[in-house]
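Data file: data28.txt. Format and content: compact mmCIF, C-alpha atoms.
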```txt
# COMPACT_ATOMS: atom_id res chain seq x y z
CA MET A 1 -32.25 52.61 -22.89
CA SER A 2 -28.55 51.69 -22.85
CA ARG A 3 -27.45 49.29 -25.59
CA ILE A 4 -24.45 47.06 -24.87
CA LEU A 5 -22.49 45.01 -27.39
CA ILE A 6 -21.13 41.76 -25.92
CA LEU A 7 -18.40 40.13 -27.97
CA GLY A 8 -17.85 36.41 -27.54
CA GLY A 9 -19.45 33.01 -27.16
CA THR A 10 -17.75 32.15 -23.87
CA GLY A 11 -19.56 31.08 -20.73
CA GLU A 12 -18.92 34.53 -19.27
CA ALA A 13 -20.47 36.18 -22.33
CA ARG A 14 -23.61 34.05 -21.99
CA ALA A 15 -23.82 34.69 -18.25
CA LEU A 16 -23.46 38.44 -18.82
CA ALA A 17 -26.22 38.45 -21.45
CA ALA A 18 -28.48 36.61 -19.00
CA ALA A 19 -27.62 39.02 -16.18
CA LEU A 20 -28.26 42.11 -18.31
CA ALA A 21 -31.64 40.73 -19.40
CA ASP A 22 -32.78 41.40 -15.83
CA VAL A 23 -31.38 44.94 -15.62
CA PRO A 24 -34.00 47.63 -16.35
CA GLY A 25 -33.01 50.11 -19.02
CA VAL A 26 -30.27 47.91 -20.49
CA GLU A 27 -30.43 46.06 -23.78
CA ALA A 28 -27.67 43.69 -24.90
CA VAL A 29 -26.74 42.32 -28.29
CA SER A 30 -24.30 39.41 -28.34
CA SER A 31 -21.93 38.83 -31.25
CA LEU A 32 -20.49 35.37 -31.90
CA ALA A 33 -17.65 34.80 -34.33
CA GLY A 34 -19.33 31.72 -35.82
CA ARG A 35 -16.29 29.45 -35.53
CA VAL A 36 -18.22 26.72 -33.69
CA ARG A 37 -20.79 24.88 -35.79
CA ASP A 38 -23.39 24.51 -33.04
CA PRO A 39 -22.76 27.33 -30.54
CA ARG A 40 -24.58 27.73 -27.26
CA LEU A 41 -26.65 30.86 -27.82
CA PRO A 42 -26.98 33.55 -25.16
CA ALA A 43 -30.19 35.24 -24.08
CA GLY A 44 -31.46 38.19 -26.07
CA GLU A 45 -30.43 39.50 -29.47
CA VAL A 46 -27.65 37.60 -31.21
CA ARG A 47 -25.59 38.20 -34.35
CA ILE A 48 -23.21 35.57 -35.76
CA GLY A 49 -20.21 36.18 -37.98
CA GLY A 50 -17.12 38.35 -38.20
CA PHE A 51 -17.10 42.09 -38.71
CA GLY A 52 -14.21 42.30 -41.17
CA GLY A 53 -11.49 43.55 -38.85
CA ALA A 54 -11.31 46.75 -36.83
CA ALA A 55 -12.54 48.89 -39.73
CA GLY A 56 -15.51 46.61 -40.30
CA LEU A 57 -16.44 46.68 -36.63
CA ALA A 58 -16.15 50.48 -36.59
CA GLU A 59 -18.52 50.64 -39.58
CA TRP A 60 -20.94 48.27 -37.87
CA LEU A 61 -20.90 50.44 -34.75
CA CYS A 62 -21.70 53.47 -36.89
CA ALA A 63 -24.72 51.69 -38.38
CA HIS A 64 -25.74 50.03 -35.08
CA PRO A 65 -24.91 52.50 -32.29
CA VAL A 66 -24.15 51.10 -28.84
CA ASP A 67 -23.31 52.81 -25.57
CA ALA A 68 -20.56 50.40 -24.51
CA ILE A 69 -18.72 47.24 -25.53
CA VAL A 70 -17.82 44.28 -23.35
CA ASP A 71 -15.17 42.07 -24.90
CA ALA A 72 -15.92 38.66 -23.35
CA THR A 73 -14.14 36.66 -26.03
CA HIS A 74 -11.79 33.76 -25.31
CA PRO A 75 -8.53 34.86 -23.62
CA PHE A 76 -6.64 33.69 -26.73
CA ALA A 77 -8.80 35.58 -29.24
CA ALA A 78 -6.10 38.23 -29.43
CA GLN A 79 -6.97 39.59 -32.87
CA ILE A 80 -10.62 40.14 -31.99
CA THR A 81 -9.60 41.93 -28.80
CA ARG A 82 -7.21 44.21 -30.72
CA ASN A 83 -9.93 44.94 -33.29
CA ALA A 84 -12.44 45.76 -30.56
CA ALA A 85 -10.04 48.14 -28.83
CA ASP A 86 -9.23 49.85 -32.13
CA ALA A 87 -12.86 50.21 -33.21
CA ALA A 88 -13.97 51.43 -29.77
CA HIS A 89 -11.24 54.06 -29.83
CA ARG A 90 -12.26 55.20 -33.33
CA ARG A 91 -15.89 55.61 -32.27
CA GLY A 92 -15.24 56.92 -28.77
CA ILE A 93 -17.17 54.07 -27.19
CA PRO A 94 -16.27 52.79 -23.69
CA LEU A 95 -14.87 49.25 -23.72
CA VAL A 96 -14.03 46.77 -21.00
CA VAL A 97 -12.43 43.35 -21.38
CA LEU A 98 -14.01 40.59 -19.29
CA ARG A 99 -11.32 37.97 -18.65
CA ARG A 100 -11.58 35.08 -16.20
CA PRO A 101 -8.51 34.74 -13.93
CA GLU A 102 -5.61 32.70 -15.22
CA TRP A 103 -4.74 29.28 -13.84
CA ALA A 104 -1.66 29.23 -11.62
CA PRO A 105 0.49 26.20 -10.78
CA ARG A 106 -0.38 24.50 -7.51
CA PRO A 107 1.70 22.25 -5.25
CA GLY A 108 2.23 18.90 -6.93
CA GLU A 109 1.85 20.24 -10.48
CA HIS A 110 4.76 20.21 -12.92
CA TRP A 111 4.42 23.08 -15.38
CA HIS A 112 6.50 24.10 -18.34
CA THR A 113 5.43 27.33 -20.04
CA ALA A 114 5.60 28.60 -23.60
CA PRO A 115 4.74 32.03 -25.01
CA ASP A 116 2.99 30.57 -28.05
CA LEU A 117 2.17 27.37 -29.94
CA ALA A 118 5.35 27.42 -32.00
CA ARG A 119 7.55 27.43 -28.91
CA ALA A 120 5.39 24.71 -27.37
CA ALA A 121 6.01 22.52 -30.42
CA ASP A 122 9.75 23.11 -30.03
CA LEU A 123 9.67 22.04 -26.38
CA LEU A 124 7.48 18.94 -26.70
CA PRO A 125 10.05 16.39 -27.95
CA GLY A 126 12.04 16.88 -24.75
CA LEU A 127 9.04 16.36 -22.49
CA GLY A 128 7.33 13.17 -23.64
CA THR A 129 6.03 11.03 -26.49
CA ARG A 130 2.28 10.65 -25.90
CA ILE A 131 0.65 14.06 -25.90
CA PHE A 132 -2.84 15.18 -24.85
CA LEU A 133 -3.36 18.30 -26.99
CA THR A 134 -6.23 20.45 -25.65
CA ILE A 135 -5.83 23.73 -27.52
CA GLY A 136 -9.02 23.54 -29.60
CA ARG A 137 -9.01 23.03 -33.35
CA GLN A 138 -7.09 26.16 -34.31
CA GLY A 139 -3.32 25.87 -34.34
CA VAL A 140 -3.19 22.07 -34.46
CA ASP A 141 -1.13 22.31 -37.65
CA VAL A 142 1.75 23.83 -35.67
CA PHE A 143 2.35 20.32 -34.28
CA ALA A 144 1.96 18.50 -37.63
CA GLY A 145 5.71 18.19 -38.14
CA LEU A 146 6.28 16.20 -34.93
CA HIS A 147 6.29 12.78 -36.59
CA ALA A 148 7.87 10.92 -33.68
CA LEU A 149 5.16 11.89 -31.17
CA TRP A 150 1.63 10.53 -30.74
CA PHE A 151 -1.24 12.96 -30.04
CA LEU A 152 -4.70 12.71 -28.56
CA ILE A 153 -6.32 15.87 -29.93
CA ARG A 154 -9.51 17.11 -28.29
CA ALA A 155 -11.68 19.79 -29.89
CA ILE A 156 -15.35 20.73 -30.22
CA ASP A 157 -15.23 20.68 -34.03
CA PRO A 158 -12.77 18.85 -36.33
CA PRO A 159 -9.65 20.83 -37.26
CA ASP A 160 -9.58 22.00 -40.88
CA VAL A 161 -5.78 22.13 -40.96
CA ALA A 162 -3.00 19.55 -41.12
CA MET A 163 -2.74 17.24 -38.12
CA PRO A 164 0.18 15.25 -36.70
CA PRO A 165 0.51 11.95 -38.60
CA GLN A 166 0.29 9.92 -35.39
CA SER A 167 -2.90 11.23 -33.78
CA THR A 168 -6.40 10.41 -32.62
CA LEU A 169 -9.14 13.05 -32.73
CA LEU A 170 -11.64 13.25 -29.87
CA LEU A 171 -14.63 15.57 -30.38
CA ALA A 172 -16.04 16.71 -27.04
CA ARG A 173 -17.31 19.82 -25.31
CA GLY A 174 -16.70 20.66 -21.63
CA PRO A 175 -17.21 20.85 -18.77
CA PHE A 176 -15.28 17.70 -17.96
CA ALA A 177 -15.03 15.72 -14.71
CA VAL A 178 -11.77 14.80 -12.99
CA ALA A 179 -12.62 11.09 -12.98
CA GLY A 180 -13.26 11.10 -16.71
CA GLU A 181 -10.09 13.06 -17.48
CA THR A 182 -8.03 10.72 -15.31
CA ALA A 183 -9.45 7.65 -17.02
CA LEU A 184 -8.85 9.19 -20.46
CA MET A 185 -5.20 9.95 -19.74
CA ARG A 186 -4.63 6.49 -18.33
CA GLU A 187 -6.33 4.79 -21.28
CA HIS A 188 -4.13 6.61 -23.79
CA ARG A 189 -0.96 6.45 -21.65
CA ILE A 190 -0.56 10.23 -21.82
CA ASP A 191 2.76 11.57 -20.55
CA VAL A 192 2.37 15.30 -21.39
CA LEU A 193 -0.68 17.60 -21.28
CA VAL A 194 -0.61 20.64 -23.57
CA THR A 195 -3.14 23.38 -22.93
CA LYS A 196 -3.68 27.11 -23.17
CA ASN A 197 -4.01 29.13 -19.99
CA SER A 198 -7.69 29.78 -20.56
CA GLY A 199 -8.58 29.80 -16.87
CA GLY A 200 -12.06 29.13 -15.52
CA GLY A 201 -13.75 25.96 -14.39
CA GLN A 202 -15.03 24.51 -17.67
CA THR A 203 -11.87 22.56 -18.49
CA ASP A 204 -9.67 22.69 -15.40
CA ALA A 205 -10.38 19.06 -14.46
CA LYS A 206 -7.58 18.00 -16.81
CA LEU A 207 -5.11 19.85 -14.57
CA ASP A 208 -6.35 17.97 -11.51
CA ALA A 209 -6.05 14.69 -13.42
CA ALA A 210 -2.54 15.49 -14.61
CA ARG A 211 -1.46 16.37 -11.08
CA ALA A 212 -2.91 13.13 -9.69
CA LEU A 213 -1.11 11.10 -12.36
CA GLY A 214 2.16 13.01 -12.12
CA ILE A 215 1.90 14.16 -15.75
CA PRO A 216 3.73 17.39 -16.66
CA VAL A 217 1.78 20.26 -18.18
CA LEU A 218 2.99 22.42 -21.05
CA MET A 219 1.05 25.64 -20.48
CA ILE A 220 0.78 28.25 -23.20
CA ARG A 221 0.71 31.77 -21.82
CA ARG A 222 -2.03 34.24 -22.73
CA PRO A 223 -1.33 36.95 -25.29
CA PRO A 224 -1.08 40.43 -23.78
CA LEU A 225 -4.04 42.80 -23.86
CA PRO A 226 -3.86 46.11 -25.75
CA SER A 227 -2.32 48.86 -23.64
CA ALA A 228 -4.57 50.98 -21.42
CA THR A 229 -7.40 48.45 -21.61
CA ALA A 230 -9.94 48.41 -18.78
CA THR A 231 -10.53 44.89 -17.43
CA VAL A 232 -12.85 43.02 -15.08
CA ASP A 233 -12.52 39.37 -14.11
CA ASP A 234 -16.12 38.30 -13.63
CA VAL A 235 -19.69 38.97 -14.72
CA ALA A 236 -20.52 40.95 -11.58
CA GLY A 237 -17.64 43.28 -12.34
CA ALA A 238 -18.88 43.79 -15.90
CA VAL A 239 -22.41 44.54 -14.68
CA ALA A 240 -21.01 47.05 -12.17
CA TRP A 241 -18.86 48.66 -14.90
CA ILE A 242 -21.93 49.05 -17.14
CA GLY A 243 -23.93 50.48 -14.23
CA ALA A 244 -21.23 53.07 -13.55
CA LEU A 245 -21.56 54.41 -17.10
CA ALA A 246 -25.07 55.70 -16.49
```
Would you mind writing the file's structure down as structure tokens?
Amino acid sequence: MSRILILGGTGEARALAAALADVPGVEAVSSLAGRVRDPRLPAGEVRIGGFGGAAGLAEWLCAHPVDAIVDATHPFAAQITRNAADAAHRRGIPLVVLRRPEWAPRPGEHWHTAPDLARAADLLPGLGTRIFLTIGRQGVDVFAGLHALWFLIRAIDPPDVAMPPQSTLLLARGPFAVAGETALMREHRIDVLVTKNSGGGQTDAKLDAARALGIPVLMIRRPPLPSATATVDDVAGAVAWIGALA
């Protein structure tokens, strides 16, 4: 029996756990960070909570041996990905990163890009005054000093950090429809969309809505992966990678 550790609470992580449940001779355990109060749980065995960094994950792997690790965390969970690569190297365990393809600008879209949230905050005052901030609840405080701008902030759970003084919080979980996103942006007179390049189809309707309304997008680029990291871009690729280990 091969035992696989799946890191992450993403849609890809849940789909992979479901796919592996049907593979004879493979047992998966999914690990969720516990940052969402009411997470969607995957099939099979689940653990919730952090490991305590790379050293903590390495210790956990010693106490709970696995044959391989699939890092299916969010594309912006850079610290978890670095910890996983470090711990896998320490224990000599094969690791692959499952990352959905990035979004790319299409005809009719007006993108500005930033390497991180801090640079995005620097750029915003020159782009508009009514901002749709769709970066989740972490990092919202980076924009708290922009007193002259108004923000519609969408997240699954409320941010536990400082927020911009002129802001409205909208708690919602995707997927979202283009019609709804279009109506939302019109209602709040949005003139800039800020988002991370998460990729995938869960939240891409906002890009279609922004394009239809002629609203520019401030896109935050993904952090780089650790060097020499094996990657796949879909669940089928991860299943094939696991099968090739046998």
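Compared by their closest atoms to Val232 (chain A), and using all atoms listed in the file, the residues A:Val70, A:Trp111, A:Glu181, A:Glu45 rank with A:Val70 nearest.
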Of A:Gly136, A:Gly25, A:Pro65, A:Gly8, the one sitting nearest Arg47 (chain A) when using only C-alpha atoms is A:Gly8
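In terms of minimum interatomic distance to Gly214 (chain A), A:Pro107 ranks closest within A:Gly9, A:Pro175, A:Gly44, A:Pro107, counting only C-alpha atoms.
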* Polymer residues at most 8 Å from Leu5 (chain A), only C-alpha atoms, same-chain spacing of 6 or more positions, as a PyMOL selection string -> chain A and resi 28-31+66+68-70
In terms of all atoms listed in the file, the residue from A:Asp22, A:Glu27, A:Asp116, A:Asp67 at minimal distance from Ile93 (chain A) is A:Asp67
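Using all atoms listed in the file, the shortest contact distance between Pro159 (chain A) and any of A:Leu95, A:Ala118, A:Leu184, A:Ile135 is found at A:Ile135.
Minimum atom-to-atom distances from A:Ala43, A:Gly200, A:Pro165, A:Ala209 to Ala183 (chain A) were compared using only C-alpha atoms, and the lowest value belongs to A:Ala209.
For His112 (chain A), the non-local neighbours within 10 Å, defined as residues at least 5 positions apart in the same chain or in other chains and counting all atoms listed in the file, are Pro105, Ala120, Leu123, Leu124, Leu127, Val194, Pro216, Val217, Leu218, Met219 and Ile220 of chain A.
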Problem set entry | For Asp233 (chain A): contacts at 6 Å, only C-alpha atoms, fewer than 3 positions along chain excluded, given as a ChimeraX atom specification | /A:98-100
**Item:** All residues 6 Å or closer to Asp191 (chain A), all atoms listed in the file, same chain fewer than 6 positions away omitted, as a ChimeraX atom specification
**Value:** /A:128,130,215
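Relative to CA of Val96 (chain A), CA of Thr134 (chain A) is found at 27.8 Å.
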Fewer than 6 positions away in the same chain doesn't count, so skip those; otherwise give me all residues within 10 Å of Ala155 (chain A), counting all atoms listed in the file, as a CSV table (one decimal) with C-alpha atoms, in the frame of the given file.
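around.csv was written with the following content:
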```csv
chain,number,residue,atom,x,y,z
A,133,LEU,CA,-3.4,18.3,-27.0
A,134,THR,CA,-6.2,20.4,-25.6
A,135,ILE,CA,-5.8,23.7,-27.5
A,136,GLY,CA,-9.0,23.5,-29.6
A,137,ARG,CA,-9.0,23.0,-33.4
A,138,GLN,CA,-7.1,26.2,-34.3
A,140,VAL,CA,-3.2,22.1,-34.5
A,169,LEU,CA,-9.1,13.0,-32.7
A,170,LEU,CA,-11.6,13.2,-29.9
A,171,LEU,CA,-14.6,15.6,-30.4
A,172,ALA,CA,-16.0,16.7,-27.0
A,173,ARG,CA,-17.3,19.8,-25.3
A,174,GLY,CA,-16.7,20.7,-21.6
```
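Here CA of Ala84 (chain A) and CA of Gly11 (chain A) stand 19.0 Å from one another.
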So which residues are close to (-6.9, 16.2, -12.7), meaning at most 9 Å away in the file's coordinates with all atoms listed in the file counted, and can you show them as an MDAnalysis selection string? chainID A and resid 177:179 181:182 204:213
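Note that the spacing between CA of Val239 (chain A) and CA of Val23 (chain A) amounts to 9.0 Å.
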Requested in this report: Please determine the residues with any atom at most 12 Å from (-11.3, 36.7, -18.4) (coordinates as given in the file, with all atoms listed in the file counting) and report them as a PyMOL selection string.
Outcome: chain A and resi 8+10-13+70-77+81+96-103+197-201+222+225+230-235+237-238
